[in-house]
$ cat target_25.pdb   # PDB, C-alpha atoms
ATOM      1  CA  MET A   1      -9.802  30.655   9.205
ATOM      2  CA  LEU A   2      -6.513  29.238   7.924
ATOM      3  CA  VAL A   3      -6.906  27.472   4.597
ATOM      4  CA  SER A   4      -3.883  25.687   3.232
ATOM      5  CA  ALA A   5      -3.312  26.045  -0.515
ATOM      6  CA  PHE A   6      -2.053  22.662  -1.601
ATOM      7  CA  ALA A   7      -3.097  19.755  -3.741
ATOM      8  CA  GLY A   8      -2.238  16.160  -4.378
ATOM      9  CA  GLY A   9       0.436  14.859  -2.022
ATOM     10  CA  ALA A  10       1.692  18.240  -0.858
ATOM     11  CA  LYS A  11       1.942  18.756   2.877
ATOM     12  CA  ALA A  12      -0.271  21.085   4.871
ATOM     13  CA  GLU A  13       1.250  24.284   6.142
ATOM     14  CA  PRO A  14       2.460  23.900   9.736
ATOM     15  CA  TRP A  15       0.996  25.953  12.534
ATOM     16  CA  GLN A  16       2.824  29.198  13.304
ATOM     17  CA  SER A  17       3.376  30.306  16.890
ATOM     18  CA  ILE A  18       3.282  33.837  18.240
ATOM     19  CA  ASP A  19       4.606  35.379  21.443
ATOM     20  CA  PRO A  20       1.658  35.369  23.877
ATOM     21  CA  ALA A  21       2.596  38.651  25.517
ATOM     22  CA  ALA A  22       2.856  40.371  22.127
ATOM     23  CA  ALA A  23      -0.670  39.157  21.343
ATOM     24  CA  GLY A  24      -2.027  40.611  24.605
ATOM     25  CA  TRP A  25      -2.075  37.418  26.671
ATOM     26  CA  SER A  26      -0.950  37.170  30.291
ATOM     27  CA  VAL A  27       1.988  34.792  30.520
ATOM     28  CA  GLU A  28       1.288  34.258  34.214
ATOM     29  CA  ARG A  29      -2.329  33.321  33.627
ATOM     30  CA  LEU A  30      -1.386  30.991  30.788
ATOM     31  CA  LYS A  31       0.994  29.252  33.193
ATOM     32  CA  ALA A  32      -1.822  28.931  35.725
ATOM     33  CA  ALA A  33      -4.048  27.474  33.005
ATOM     34  CA  GLN A  34      -1.321  25.016  32.070
ATOM     35  CA  ASP A  35      -0.931  23.905  35.678
ATOM     36  CA  TYR A  36      -4.685  23.400  36.013
ATOM     37  CA  ALA A  37      -4.845  21.514  32.728
ATOM     38  CA  ALA A  38      -2.083  19.191  33.881
ATOM     39  CA  SER A  39      -4.273  18.140  36.807
ATOM     40  CA  LEU A  40      -6.967  17.015  34.348
ATOM     41  CA  LYS A  41      -4.480  14.931  32.321
ATOM     42  CA  PRO A  42      -5.676  15.860  28.801
ATOM     43  CA  ALA A  43      -3.963  14.418  25.733
ATOM     44  CA  ALA A  44      -3.099  17.925  24.559
ATOM     45  CA  ILE A  45      -4.285  21.526  24.556
ATOM     46  CA  MET A  46      -3.831  24.285  21.998
ATOM     47  CA  VAL A  47      -4.706  27.944  22.425
ATOM     48  CA  VAL A  48      -5.179  29.545  19.007
ATOM     49  CA  GLN A  49      -5.911  33.160  18.086
ATOM     50  CA  ASP A  50      -6.279  34.472  14.537
ATOM     51  CA  GLY A  51      -4.701  31.355  13.098
ATOM     52  CA  LYS A  52      -1.616  31.510  15.324
ATOM     53  CA  VAL A  53      -0.693  29.269  18.254
ATOM     54  CA  ILE A  54      -0.599  31.208  21.515
ATOM     55  CA  ALA A  55       0.297  28.143  23.613
ATOM     56  CA  SER A  56       0.243  24.369  23.389
ATOM     57  CA  TRP A  57       0.734  21.598  25.937
ATOM     58  CA  GLY A  58       1.042  17.872  25.456
ATOM     59  CA  ASP A  59       1.392  15.930  22.219
ATOM     60  CA  THR A  60      -0.721  17.883  19.736
ATOM     61  CA  THR A  61      -0.079  15.262  17.035
ATOM     62  CA  ARG A  62      -1.548  12.370  19.031
ATOM     63  CA  LYS A  63      -4.888  11.208  17.628
ATOM     64  CA  VAL A  64      -7.648  10.396  20.119
ATOM     65  CA  ASN A  65     -11.342   9.547  19.949
ATOM     66  CA  VAL A  66     -13.095  12.918  19.992
ATOM     67  CA  ALA A  67     -16.390  11.352  21.148
ATOM     68  CA  SER A  68     -19.435  13.533  20.508
ATOM     69  CA  VAL A  69     -17.427  15.982  18.411
ATOM     70  CA  ARG A  70     -18.219  13.456  15.642
ATOM     71  CA  LYS A  71     -21.664  15.029  15.411
ATOM     72  CA  SER A  72     -20.241  18.460  14.635
ATOM     73  CA  LEU A  73     -17.920  16.943  12.031
ATOM     74  CA  LEU A  74     -20.836  15.259  10.267
ATOM     75  CA  SER A  75     -22.931  18.428  10.554
ATOM     76  CA  ALA A  76     -20.226  20.284   8.631
ATOM     77  CA  LEU A  77     -20.450  17.676   5.873
ATOM     78  CA  TYR A  78     -24.211  18.172   5.851
ATOM     79  CA  GLY A  79     -23.707  21.892   5.368
ATOM     80  CA  ILE A  80     -21.708  21.177   2.224
ATOM     81  CA  ALA A  81     -24.157  18.552   0.940
ATOM     82  CA  ILE A  82     -27.161  20.827   1.531
ATOM     83  CA  SER A  83     -25.469  23.774  -0.204
ATOM     84  CA  GLU A  84     -24.801  21.518  -3.202
ATOM     85  CA  GLY A  85     -28.417  20.336  -3.319
ATOM     86  CA  ARG A  86     -27.547  16.720  -2.535
ATOM     87  CA  VAL A  87     -29.540  16.662   0.718
ATOM     88  CA  SER A  88     -32.759  18.514   1.595
ATOM     89  CA  LEU A  89     -33.473  19.643   5.149
ATOM     90  CA  GLY A  90     -37.168  19.113   4.557
ATOM     91  CA  SER A  91     -36.928  15.459   3.492
ATOM     92  CA  THR A  92     -38.746  13.125   5.876
ATOM     93  CA  LEU A  93     -37.579   9.685   6.914
ATOM     94  CA  ALA A  94     -40.540   8.325   4.940
ATOM     95  CA  ASP A  95     -39.268  10.166   1.842
ATOM     96  CA  LEU A  96     -35.809   8.680   2.368
ATOM     97  CA  GLY A  97     -36.937   5.136   3.189
ATOM     98  CA  ILE A  98     -35.347   5.223   6.655
ATOM     99  CA  ASP A  99     -36.571   2.680   9.217
ATOM    100  CA  ASP A 100     -35.019   0.548  11.940
ATOM    101  CA  LYS A 101     -35.101  -2.884  13.511
ATOM    102  CA  PRO A 102     -38.248  -3.976  15.398
ATOM    103  CA  PRO A 103     -39.958  -2.298  16.998
ATOM    104  CA  ALA A 104     -39.853  -0.432  13.677
ATOM    105  CA  LEU A 105     -40.573   3.259  13.284
ATOM    106  CA  THR A 106     -44.174   4.354  13.311
ATOM    107  CA  GLU A 107     -45.702   6.395  10.502
ATOM    108  CA  THR A 108     -45.625   9.419  12.818
ATOM    109  CA  GLU A 109     -41.934   8.925  13.595
ATOM    110  CA  LYS A 110     -41.206   8.663   9.881
ATOM    111  CA  GLN A 111     -42.454  12.229   9.466
ATOM    112  CA  ALA A 112     -39.299  13.494  11.206
ATOM    113  CA  THR A 113     -37.191  15.546   8.800
ATOM    114  CA  VAL A 114     -33.457  15.836   8.262
ATOM    115  CA  ARG A 115     -33.701  19.211   9.998
ATOM    116  CA  ASP A 116     -35.339  17.558  13.012
ATOM    117  CA  LEU A 117     -32.490  15.042  13.262
ATOM    118  CA  LEU A 118     -29.813  17.721  12.917
ATOM    119  CA  THR A 119     -31.418  19.648  15.786
ATOM    120  CA  ALA A 120     -31.998  16.505  17.916
ATOM    121  CA  ARG A 121     -35.772  16.940  17.735
ATOM    122  CA  SER A 122     -36.807  13.813  15.830
ATOM    123  CA  GLY A 123     -39.140  12.464  18.508
ATOM    124  CA  ILE A 124     -37.720   8.997  17.767
ATOM    125  CA  TYR A 125     -36.689   7.176  20.923
ATOM    126  CA  HIS A 126     -35.545   3.879  19.457
ATOM    127  CA  HIS A 127     -32.493   2.063  20.843
ATOM    128  CA  ALA A 128     -29.300   3.315  19.217
ATOM    129  CA  ALA A 129     -25.665   2.306  18.858
ATOM    130  CA  TYR A 130     -22.945   3.933  20.997
ATOM    131  CA  GLU A 131     -25.338   5.255  23.629
ATOM    132  CA  THR A 132     -24.211   6.378  27.057
ATOM    133  CA  GLY A 133     -25.907   5.198  30.209
ATOM    134  CA  ASP A 134     -27.402   8.662  30.692
ATOM    135  CA  ILE A 135     -29.063   8.566  27.278
ATOM    136  CA  ARG A 136     -30.506   5.123  27.958
ATOM    137  CA  ARG A 137     -31.811   6.132  31.387
ATOM    138  CA  ASN A 138     -33.285   9.457  30.260
ATOM    139  CA  ARG A 139     -34.662   8.456  26.863
ATOM    140  CA  PRO A 140     -38.355   9.421  26.620
ATOM    141  CA  GLN A 141     -40.983   6.801  25.860
ATOM    142  CA  ARG A 142     -41.659   5.992  22.214
ATOM    143  CA  GLY A 143     -44.406   8.221  20.855
ATOM    144  CA  SER A 144     -44.248  10.701  23.736
ATOM    145  CA  HIS A 145     -43.239  13.675  21.542
ATOM    146  CA  ALA A 146     -44.109  14.466  17.938
ATOM    147  CA  PRO A 147     -41.242  15.145  15.497
ATOM    148  CA  GLY A 148     -39.885  18.676  15.760
ATOM    149  CA  THR A 149     -41.449  19.463  19.153
ATOM    150  CA  PHE A 150     -38.986  18.307  21.815
ATOM    151  CA  TRP A 151     -35.191  18.434  22.145
ATOM    152  CA  PHE A 152     -33.385  15.340  23.415
ATOM    153  CA  TYR A 153     -29.690  14.586  23.008
ATOM    154  CA  ASN A 154     -30.313  11.456  21.021
ATOM    155  CA  ASN A 155     -27.771   9.124  19.445
ATOM    156  CA  TRP A 156     -30.485   7.672  17.252
ATOM    157  CA  ASP A 157     -30.796  11.019  15.461
ATOM    158  CA  PHE A 158     -27.041  11.394  15.027
ATOM    159  CA  ASN A 159     -26.528   7.824  13.830
ATOM    160  CA  ALA A 160     -29.435   7.928  11.385
ATOM    161  CA  LEU A 161     -27.914  11.103   9.950
ATOM    162  CA  GLY A 162     -24.810   9.072   9.144
ATOM    163  CA  THR A 163     -26.917   6.533   7.267
ATOM    164  CA  ILE A 164     -28.763   9.281   5.392
ATOM    165  CA  TYR A 165     -25.532  11.040   4.452
ATOM    166  CA  ARG A 166     -24.046   7.901   2.961
ATOM    167  CA  GLN A 167     -27.303   7.024   1.210
ATOM    168  CA  GLN A 168     -27.927  10.452  -0.304
ATOM    169  CA  THR A 169     -24.364  11.350  -1.296
ATOM    170  CA  GLY A 170     -22.991   7.887  -2.101
ATOM    171  CA  GLU A 171     -19.900   8.786  -0.066
ATOM    172  CA  ASP A 172     -18.226   7.202   2.933
ATOM    173  CA  ILE A 173     -18.320   9.619   5.884
ATOM    174  CA  PHE A 174     -14.598   9.437   6.608
ATOM    175  CA  GLU A 175     -13.433   9.610   2.993
ATOM    176  CA  SER A 176     -15.787  12.526   2.501
ATOM    177  CA  PHE A 177     -14.462  14.331   5.577
ATOM    178  CA  ALA A 178     -10.872  13.797   4.462
ATOM    179  CA  GLN A 179     -11.462  15.129   0.963
ATOM    180  CA  ARG A 180     -14.037  17.830   1.612
ATOM    181  CA  ILE A 181     -12.824  19.245   4.931
ATOM    182  CA  ALA A 182      -9.544  17.873   6.294
ATOM    183  CA  ILE A 183      -7.442  18.475   3.187
ATOM    184  CA  PRO A 184      -8.896  21.863   2.197
ATOM    185  CA  ILE A 185      -8.454  23.387   5.672
ATOM    186  CA  GLY A 186      -4.951  21.989   6.123
ATOM    187  CA  MET A 187      -5.327  19.222   8.698
ATOM    188  CA  GLN A 188      -1.946  17.549   9.127
ATOM    189  CA  ASP A 189      -2.777  14.200  10.721
ATOM    190  CA  PHE A 190      -6.266  13.000   9.773
ATOM    191  CA  SER A 191      -6.866  10.236   7.263
ATOM    192  CA  ALA A 192     -10.003   8.278   6.417
ATOM    193  CA  ARG A 193      -8.525   5.390   8.431
ATOM    194  CA  ASP A 194      -9.062   7.472  11.579
ATOM    195  CA  GLY A 195     -12.788   6.768  11.537
ATOM    196  CA  SER A 196     -14.754   3.575  12.046
ATOM    197  CA  TYR A 197     -18.352   2.374  12.152
ATOM    198  CA  VAL A 198     -19.727   0.899  15.371
ATOM    199  CA  SER A 199     -22.861  -1.238  15.067
ATOM    200  CA  GLU A 200     -25.067  -2.770  17.754
ATOM    201  CA  ARG A 201     -27.792  -5.382  17.452
ATOM    202  CA  HIS A 202     -30.670  -3.071  18.397
ATOM    203  CA  SER A 203     -30.354  -0.705  15.432
ATOM    204  CA  ASN A 204     -29.545  -0.631  11.728
ATOM    205  CA  HIS A 205     -27.718   2.685  12.027
ATOM    206  CA  PRO A 206     -24.065   2.567  13.138
ATOM    207  CA  ALA A 207     -22.212   5.258  15.026
ATOM    208  CA  TYR A 208     -19.137   6.753  13.344
ATOM    209  CA  PRO A 209     -16.456   7.738  15.899
ATOM    210  CA  PHE A 210     -13.550   9.908  14.708
ATOM    211  CA  ARG A 211      -9.967  10.185  15.943
ATOM    212  CA  LEU A 212      -8.348  13.613  15.669
ATOM    213  CA  SER A 213      -5.165  15.241  16.883
ATOM    214  CA  ALA A 214      -5.399  18.468  18.871
ATOM    215  CA  ARG A 215      -3.782  20.462  16.093
ATOM    216  CA  ASP A 216      -6.287  19.126  13.558
ATOM    217  CA  ALA A 217      -9.209  19.737  15.921
ATOM    218  CA  ALA A 218      -7.987  23.328  16.219
ATOM    219  CA  ARG A 219      -8.099  23.683  12.418
ATOM    220  CA  PHE A 220     -11.737  22.612  12.486
ATOM    221  CA  GLY A 221     -12.458  24.914  15.418
ATOM    222  CA  GLN A 222     -11.357  27.919  13.372
ATOM    223  CA  LEU A 223     -14.247  27.328  10.982
ATOM    224  CA  SER A 224     -16.771  28.456  13.595
TER
END
$ encode --input "target_25.pdb" --output "structure tokens"
Amino acid sequence: MLVSAFAGGAKAEPWQSIDPAAAGWSVERLKAAQDYAASLKPAAIMVVQDGKVIASWGDTTRKVNVASVRKSLLSALYGIAISEGRVSLGSTLADLGIDDKPPALTETEKQATVRDLLTARSGIYHHAAYETGDIRRNRPQRGSHAPGTFWFYNNWDFNALGTIYRQQTGEDIFESFAQRIAIPIGMQDFSARDGSYVSERHSNHPAYPFRLSARDAARFGQLS
């Protein structure tokens, strides 16, 4: 993991590149990968090894909506909040006072925990903001699975986690990400203005899409 040592208004350290062949990479196969990538028309691609750039294609400074990556970004903030004792994995929605627009959550649904939401096992199949057609078509019936018993890729869980994070920490998601993650790990492009809340009439819990550049996404990827 590359962590930039800077504070205040200082700039993050730029990425350093390394000769691919010297790092054991096949130049020919990288060229084949580049040609294939070009056919998919991505915004940008970076290949990073041990904190060094092996190859990059496209505009790695261009910020784009990273879609469902938002859930991993928020999960990282949860890791920090849990380690600091500001959020408990065992807290239920009833404990936290979390509900939604009619048809409201049942008492059984309110027994879902923060852990259940983080693992997409809440058993809550309420309408949610920012859903894809696949989620809407495949969403189980309300009450069909008890909390913690069934996995479903569920925007309701992810969105409610955003509400809980803001409620329990008193912090805006995007300001928190900027200060607690983006700056410490040396992201060069992200600011709190690169996130927004998306609400829909069926739910109280907004989605929180992020925009990241490829080089900043690569910084985050090194944390894994």
$ resolve_selection --input "target_25.pdb" --expression "the PyMOL selection byres ((chain A and resi 175) around 12)" --output "MDAnalysis selection string"
chainID A and resid 74 77 166 169:174 176:183 190:196 210
$ closest_residue --input "target_25.pdb" --among "A:Lys63, A:Val53, A:Ser144, A:Gln168" --to "A:Asp95" --atoms "only C-alpha atoms"
A:Gln168
$ resolve_selection --input "target_25.pdb" --expression "the PyMOL selection byres ((chain A and resi 60) around 10)" --output "list in words"
Ala43, Ala44, Ile45, Met46, Ser56, Trp57, Gly58, Asp59, Thr61, Arg62, Lys63, Asp189, Leu212, Ser213, Ala214, Arg215, Asp216, Ala217 and Ala218 of chain A
$ atom_distance --input "target_25.pdb" --atom1 "atom CA of A:Thr106" --atom2 "atom CA of A:Asn138"
20.8 Å
$ resolve_selection --input "target_25.pdb" --expression "the PyMOL selection byres ((chain A and resi 149) around 9)" --output "ChimeraX atom specification"
/A:116,121-123,145-148,150-151
$ write_last_selection --input "target_25.pdb" --atoms "C-alpha atoms" --output "PDB file, in the frame of the given file"
ATOM      1  CA  ASP A 116     -35.339  17.558  13.012  1.00  0.00           C
ATOM      2  CA  ARG A 121     -35.772  16.940  17.735  1.00  0.00           C
ATOM      3  CA  SER A 122     -36.807  13.813  15.830  1.00  0.00           C
ATOM      4  CA  GLY A 123     -39.140  12.464  18.508  1.00  0.00           C
ATOM      5  CA  HIS A 145     -43.239  13.675  21.542  1.00  0.00           C
ATOM      6  CA  ALA A 146     -44.109  14.466  17.938  1.00  0.00           C
ATOM      7  CA  PRO A 147     -41.242  15.145  15.497  1.00  0.00           C
ATOM      8  CA  GLY A 148     -39.885  18.676  15.760  1.00  0.00           C
ATOM      9  CA  PHE A 150     -38.986  18.307  21.815  1.00  0.00           C
ATOM     10  CA  TRP A 151     -35.191  18.434  22.145  1.00  0.00           C
TER      11      TRP A 151
END
$ residues_around --input "target_25.pdb" --residues "A:Ala76" --least-positions-apart "3" --cutoff "12 Å" --atoms "all atoms listed in the file" --output "PyMOL selection string"
chain A and resi 69-73+79-83+118+165+173+176-177+180-182+220-221+223-224
$ closest_residue --input "target_25.pdb" --among "A:Thr119, A:Thr163, A:Gln16, A:Thr113" --to "A:Ser203" --atoms "only C-alpha atoms"
A:Thr163
$ residues_around --input "target_25.pdb" --residues "A:Glu200" --least-positions-apart "6" --cutoff "8 Å" --atoms "only C-alpha atoms" --output "short mmCIF file (atom, residue, chain, number, x, y, z; two decimals) with C-alpha atoms, keeping the file's coordinate frame"
data_model
loop_
_atom_site.label_atom_id
_atom_site.label_comp_id
_atom_site.auth_asym_id
_atom_site.auth_seq_id
_atom_site.Cartn_x
_atom_site.Cartn_y
_atom_site.Cartn_z
CA ALA A 128 -29.30 3.32 19.22
CA ALA A 129 -25.66 2.31 18.86
CA TYR A 130 -22.94 3.93 21.00
CA PRO A 206 -24.06 2.57 13.14
#
$ closest_residue --input "target_25.pdb" --among "A:Glu131, A:Glu107, A:Glu13, A:Glu28" --to "A:His202" --atoms "all atoms listed in the file"
A:Glu131
$ residues_around --input "target_25.pdb" --residues "stretch 18-25 of chain A" --least-positions-apart "4" --cutoff "8 Å" --atoms "only C-alpha atoms" --output "list in words"
Leu30, Lys52, Val53, Ile54 and Ala55 of chain A
$ axis_aligned_box --input "target_25.pdb" --around "stretch 38-52 of chain A" --padding-each-side "8 Å" --output "AutoDock Vina command-line options"
--center_x -4.3 --center_y 24.4 --center_z 25.0 --size_x 21.4 --size_y 36.1 --size_z 39.7
$ closest_residue --input "target_25.pdb" --among "A:Pro184, A:Gln167, A:Ala32, A:Gly51" --to "A:Gly97" --atoms "only C-alpha atoms"
A:Gln167
$ closest_residue --input "target_25.pdb" --among "A:Ser199, A:Asn155, A:Leu117, A:Ser91" --to "A:Ser75" --atoms "all atoms listed in the file"
A:Leu117
$ atom_distance --input "target_25.pdb" --atom1 "atom CA of A:Pro209" --atom2 "atom CA of A:Ser68"
8.0 Å
